[in-house]
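Asks: The following file, entry23.txt, comprises compact mmCIF, N, CA and C atoms:
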```
# COMPACT_ATOMS: atom_id res chain seq x y z
N MET A 188 10.62 -4.61 2.74
CA MET A 188 10.58 -3.33 2.06
C MET A 188 9.22 -3.18 1.36
N ILE A 189 8.59 -2.05 1.55
CA ILE A 189 7.28 -1.76 0.95
C ILE A 189 7.49 -1.11 -0.42
N GLU A 190 6.72 -1.56 -1.41
CA GLU A 190 6.75 -0.98 -2.75
C GLU A 190 5.33 -0.91 -3.28
N TYR A 191 5.09 0.01 -4.19
CA TYR A 191 3.81 0.10 -4.89
C TYR A 191 4.11 0.03 -6.38
N LEU A 192 3.65 -1.05 -7.02
CA LEU A 192 3.87 -1.27 -8.44
C LEU A 192 2.56 -1.68 -9.10
N ASN A 193 2.27 -1.08 -10.24
CA ASN A 193 1.09 -1.44 -11.02
C ASN A 193 -0.19 -1.45 -10.18
N GLY A 194 -0.30 -0.49 -9.27
CA GLY A 194 -1.52 -0.33 -8.49
C GLY A 194 -1.65 -1.26 -7.30
N LYS A 195 -0.58 -1.99 -6.97
CA LYS A 195 -0.66 -2.94 -5.86
C LYS A 195 0.49 -2.72 -4.88
N GLU A 196 0.25 -3.10 -3.63
CA GLU A 196 1.27 -2.99 -2.59
C GLU A 196 2.04 -4.31 -2.51
N TYR A 197 3.37 -4.20 -2.37
CA TYR A 197 4.23 -5.37 -2.23
C TYR A 197 5.11 -5.21 -1.00
N TRP A 198 5.36 -6.31 -0.32
CA TRP A 198 6.27 -6.33 0.82
C TRP A 198 7.27 -7.46 0.58
N ASN A 199 8.53 -7.10 0.50
CA ASN A 199 9.59 -8.08 0.22
C ASN A 199 9.27 -8.94 -1.00
N GLY A 200 8.72 -8.32 -2.04
CA GLY A 200 8.44 -9.01 -3.29
C GLY A 200 7.12 -9.75 -3.35
N LYS A 201 6.37 -9.81 -2.27
CA LYS A 201 5.08 -10.51 -2.24
C LYS A 201 3.93 -9.50 -2.30
N GLU A 202 2.96 -9.76 -3.16
CA GLU A 202 1.80 -8.89 -3.25
C GLU A 202 0.99 -8.96 -1.95
N CYS A 203 0.62 -7.82 -1.42
CA CYS A 203 -0.08 -7.74 -0.14
C CYS A 203 -1.59 -7.83 -0.32
N THR A 204 -2.06 -9.00 -0.67
CA THR A 204 -3.50 -9.24 -0.73
C THR A 204 -3.98 -9.51 0.69
N GLY A 205 -5.29 -9.52 0.88
CA GLY A 205 -5.85 -9.81 2.20
C GLY A 205 -5.43 -11.19 2.69
N ASN A 206 -5.45 -12.18 1.80
CA ASN A 206 -5.03 -13.52 2.19
C ASN A 206 -3.58 -13.55 2.64
N PHE A 207 -2.71 -12.89 1.90
CA PHE A 207 -1.29 -12.91 2.26
C PHE A 207 -1.07 -12.24 3.61
N VAL A 208 -1.64 -11.06 3.80
CA VAL A 208 -1.39 -10.30 5.03
C VAL A 208 -2.02 -10.97 6.25
N TYR A 209 -3.30 -11.31 6.15
CA TYR A 209 -4.01 -11.78 7.35
C TYR A 209 -3.95 -13.28 7.57
N ARG A 210 -3.86 -14.06 6.51
CA ARG A 210 -3.81 -15.52 6.70
C ARG A 210 -2.38 -16.03 6.75
N THR A 211 -1.56 -15.57 5.82
CA THR A 211 -0.18 -16.08 5.80
C THR A 211 0.67 -15.42 6.87
N LEU A 212 0.75 -14.08 6.84
CA LEU A 212 1.62 -13.40 7.80
C LEU A 212 1.05 -13.45 9.21
N ALA A 213 -0.16 -12.98 9.40
CA ALA A 213 -0.71 -12.86 10.76
C ALA A 213 -0.88 -14.22 11.43
N ASP A 214 -1.37 -15.19 10.70
CA ASP A 214 -1.62 -16.50 11.31
C ASP A 214 -0.37 -17.37 11.42
N MET A 215 0.46 -17.35 10.39
CA MET A 215 1.58 -18.29 10.36
C MET A 215 2.92 -17.68 10.77
N PHE A 216 3.07 -16.38 10.54
CA PHE A 216 4.34 -15.71 10.84
C PHE A 216 4.09 -14.40 11.57
N PRO A 217 3.66 -14.45 12.84
CA PRO A 217 3.29 -13.23 13.56
C PRO A 217 4.43 -12.21 13.67
N GLU A 218 5.68 -12.66 13.73
CA GLU A 218 6.81 -11.71 13.81
C GLU A 218 6.93 -10.93 12.51
N ASP A 219 6.75 -11.63 11.38
CA ASP A 219 6.81 -10.95 10.08
C ASP A 219 5.62 -10.01 9.90
N TYR A 220 4.46 -10.40 10.43
CA TYR A 220 3.28 -9.55 10.35
C TYR A 220 3.52 -8.23 11.08
N GLU A 221 4.09 -8.31 12.26
CA GLU A 221 4.40 -7.10 13.02
C GLU A 221 5.43 -6.24 12.29
N ARG A 222 6.42 -6.88 11.68
CA ARG A 222 7.43 -6.15 10.91
C ARG A 222 6.80 -5.48 9.69
N TYR A 223 5.90 -6.20 9.00
CA TYR A 223 5.18 -5.63 7.86
C TYR A 223 4.37 -4.41 8.28
N ARG A 224 3.61 -4.54 9.38
CA ARG A 224 2.79 -3.42 9.86
C ARG A 224 3.65 -2.21 10.19
N LYS A 225 4.78 -2.42 10.87
CA LYS A 225 5.66 -1.32 11.24
C LYS A 225 6.24 -0.65 9.99
N GLU A 226 6.73 -1.45 9.04
CA GLU A 226 7.30 -0.90 7.81
C GLU A 226 6.25 -0.17 6.99
N SER A 227 5.04 -0.70 6.95
CA SER A 227 3.96 -0.08 6.19
C SER A 227 3.59 1.27 6.79
N MET A 228 3.48 1.34 8.11
CA MET A 228 3.16 2.61 8.79
C MET A 228 4.25 3.64 8.56
N GLU A 229 5.51 3.24 8.69
CA GLU A 229 6.63 4.16 8.47
C GLU A 229 6.64 4.66 7.03
N PHE A 230 6.38 3.77 6.08
CA PHE A 230 6.36 4.15 4.66
C PHE A 230 5.26 5.18 4.41
N LYS A 231 4.07 4.95 4.97
CA LYS A 231 2.94 5.85 4.75
C LYS A 231 3.13 7.18 5.45
N GLU A 232 3.93 7.23 6.51
CA GLU A 232 4.25 8.50 7.16
C GLU A 232 5.19 9.33 6.30
N LYS A 233 6.08 8.68 5.56
CA LYS A 233 7.09 9.38 4.76
C LYS A 233 6.64 9.67 3.33
N HIS A 234 5.61 8.96 2.85
CA HIS A 234 5.16 9.10 1.46
C HIS A 234 3.65 9.33 1.44
N THR A 235 3.18 9.95 0.37
CA THR A 235 1.76 10.12 0.16
C THR A 235 1.27 8.95 -0.68
N VAL A 236 0.56 8.02 -0.03
CA VAL A 236 0.02 6.85 -0.71
C VAL A 236 -1.47 7.06 -0.87
N LEU A 237 -1.95 6.94 -2.11
CA LEU A 237 -3.36 7.17 -2.42
C LEU A 237 -4.03 5.87 -2.86
N HIS A 238 -5.32 5.77 -2.61
CA HIS A 238 -6.12 4.59 -2.95
C HIS A 238 -7.32 5.04 -3.77
N CYS A 239 -7.46 4.49 -4.97
CA CYS A 239 -8.57 4.86 -5.86
C CYS A 239 -9.86 4.22 -5.36
N SER A 240 -10.90 5.03 -5.27
CA SER A 240 -12.20 4.55 -4.81
C SER A 240 -12.91 3.70 -5.87
N LEU A 241 -12.57 3.90 -7.14
CA LEU A 241 -13.24 3.16 -8.21
C LEU A 241 -12.59 1.81 -8.50
N CYS A 242 -11.28 1.80 -8.77
CA CYS A 242 -10.62 0.56 -9.20
C CYS A 242 -9.75 -0.07 -8.10
N SER A 243 -9.64 0.58 -6.96
CA SER A 243 -8.88 0.08 -5.80
C SER A 243 -7.37 0.05 -5.99
N ASP A 244 -6.86 0.69 -7.01
CA ASP A 244 -5.41 0.77 -7.18
C ASP A 244 -4.81 1.65 -6.09
N LYS A 245 -3.55 1.40 -5.77
CA LYS A 245 -2.80 2.21 -4.81
C LYS A 245 -1.56 2.73 -5.51
N TRP A 246 -1.20 3.98 -5.23
CA TRP A 246 -0.01 4.54 -5.83
C TRP A 246 0.57 5.61 -4.94
N ILE A 247 1.82 5.95 -5.22
CA ILE A 247 2.53 7.00 -4.48
C ILE A 247 2.40 8.29 -5.27
N HIS A 248 1.99 9.34 -4.58
CA HIS A 248 1.88 10.66 -5.20
C HIS A 248 3.04 11.51 -4.69
N ASN A 249 3.92 11.92 -5.58
CA ASN A 249 5.13 12.63 -5.19
C ASN A 249 5.01 14.15 -5.22
N ASP A 250 3.94 14.66 -5.77
CA ASP A 250 3.75 16.10 -5.89
C ASP A 250 2.97 16.62 -4.69
N THR A 251 3.26 17.84 -4.25
CA THR A 251 2.52 18.42 -3.13
C THR A 251 1.16 18.96 -3.56
N ASP A 252 0.98 19.22 -4.85
CA ASP A 252 -0.29 19.74 -5.37
C ASP A 252 -1.27 18.58 -5.57
N MET A 253 -2.32 18.55 -4.75
CA MET A 253 -3.30 17.47 -4.82
C MET A 253 -4.48 17.82 -5.74
N SER A 254 -4.49 19.03 -6.30
CA SER A 254 -5.65 19.46 -7.09
C SER A 254 -5.75 18.75 -8.43
N THR A 255 -4.67 18.23 -8.95
CA THR A 255 -4.69 17.60 -10.26
C THR A 255 -4.49 16.08 -10.19
N VAL A 256 -4.65 15.49 -9.02
CA VAL A 256 -4.40 14.06 -8.84
C VAL A 256 -5.51 13.25 -9.49
N GLN A 257 -5.10 12.21 -10.19
CA GLN A 257 -6.05 11.24 -10.72
C GLN A 257 -5.39 9.87 -10.74
N CYS A 258 -6.19 8.84 -10.67
CA CYS A 258 -5.69 7.47 -10.66
C CYS A 258 -4.93 7.19 -11.96
N PRO A 259 -3.74 6.64 -11.87
CA PRO A 259 -2.99 6.34 -13.09
C PRO A 259 -3.63 5.24 -13.94
N SER A 260 -4.46 4.40 -13.34
CA SER A 260 -5.08 3.30 -14.09
C SER A 260 -6.39 3.69 -14.76
N CYS A 261 -7.34 4.22 -13.96
CA CYS A 261 -8.67 4.50 -14.50
C CYS A 261 -8.95 5.99 -14.68
N LYS A 262 -8.02 6.84 -14.28
CA LYS A 262 -8.11 8.30 -14.42
C LYS A 262 -9.19 8.93 -13.53
N SER A 263 -9.68 8.20 -12.54
CA SER A 263 -10.68 8.73 -11.62
C SER A 263 -10.04 9.78 -10.70
N ILE A 264 -10.85 10.72 -10.26
CA ILE A 264 -10.37 11.72 -9.31
C ILE A 264 -10.91 11.43 -7.91
N GLU A 265 -11.53 10.27 -7.74
CA GLU A 265 -12.05 9.87 -6.44
C GLU A 265 -11.03 8.95 -5.77
N PHE A 266 -10.42 9.44 -4.71
CA PHE A 266 -9.38 8.67 -4.03
C PHE A 266 -9.34 9.06 -2.56
N GLU A 267 -8.62 8.27 -1.79
CA GLU A 267 -8.41 8.62 -0.38
C GLU A 267 -6.95 8.40 -0.06
N LYS A 268 -6.47 9.14 0.92
CA LYS A 268 -5.09 9.01 1.36
C LYS A 268 -5.01 7.91 2.41
N LEU A 269 -4.05 7.02 2.26
CA LEU A 269 -3.87 5.94 3.23
C LEU A 269 -2.96 6.37 4.34
```
Let me see the file written as structure tokens.

Replies:
Amino acid sequence: MIEYLNGKEYWNGKECTGNFVYRTLADMFPEDYERYRKESMEFKEKHTVLHCSLCSDKWIHNDTDMSTVQCPSCKSIEFEKL
């Protein structure tokens, strides 16, 4: 299950850092890596997930109005949609 808490992405309770995703899942557990990728893609299709360009936090934006969006951590208005 994909979650976004405190500016970070989690999958089944594990923080999705580069090491976790590419070294642990991809190298050691390829079936779990494929499951993670599928769940992540499905989640991003159903939700608006944003990534802050300044502090790299990720969060879910539930409002359809994108004109007032700002990063919950650093208050930056520079972001991209994942």

Asks: Go ahead and compute the interatomic distance for atom CA of Cys242 of chain A and atom CA of Pro259 of chain A, in Å to one decimal.

Replies: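 According to the coordinates, atom CA of Cys242 of chain A and atom CA of Pro259 of chain A are separated by 10.3 Å.
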
Asks: Using DSSP on the backbone, list every residue of chain A that comes out as strand (DSSP E or B), and give them as number ranges by chain.

Replies: A: 189-192, 195-198, 201-202, 235-239, 245-248, 266-268

Asks: Between A:Arg210, A:Cys203, A:Asn249, A:Glu221, which one has atoms that come closest to His234 of chain A, using all atoms listed in the file?

Replies: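 When distances to His234 of chain A are compared using all atoms listed in the file, the smallest one comes from A:Asn249.
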
Asks: Provide the atom CA of Val208 of chain A to atom CA of Asp250 of chain A distance in Å, to one decimal place.

Replies: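 One can read the atom CA of Val208 of chain A to atom CA of Asp250 of chain A distance as 29.0 Å.
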
Asks: Find the residues around segment 188-199 of chain A up to 12 Å (only C-alpha atoms counted), leave out those fewer than 5 positions away in its own chain, and share them as a ChimeraX atom specification.

Replies: /A:204-205,207-208,212,219-220,222-231,233-239,242-248,258-261,269

Asks: Between atom CA of Gly200 of chain A and atom CA of Lys262 of chain A, what is the distance, to one decimal in Å?

Replies: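 Value for the atom CA of Gly200 of chain A-atom CA of Lys262 of chain A distance: 26.4 Å.
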
Asks: Where does DSSP see helix (DSSP H, G or I) in chain A, if you list the residues as a PyMOL selection string?

Replies: chain A and resi 205-215+217-233

Asks: If I wrap all listed atoms of segment 202-210 of chain A in a box with edges along x, y and z and add 6 Å on each side, what are its centre and edge lengths in Å to one decimal, as JSON?

Replies:
```
{"center_x": -1.4, "center_y": -11.9, "center_z": 2.2, "size_x": 20.8, "size_y": 20.3, "size_z": 22.8}
```

Asks: Between A:Ile264, A:Tyr209, A:Glu218, A:Lys201, which one has atoms that come closest to Leu241 of chain A, using only N, CA and C atoms?

Replies: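 Of A:Ile264, A:Tyr209, A:Glu218, A:Lys201, the one nearest Leu241 of chain A, counting only N, CA and C atoms, is A:Ile264.
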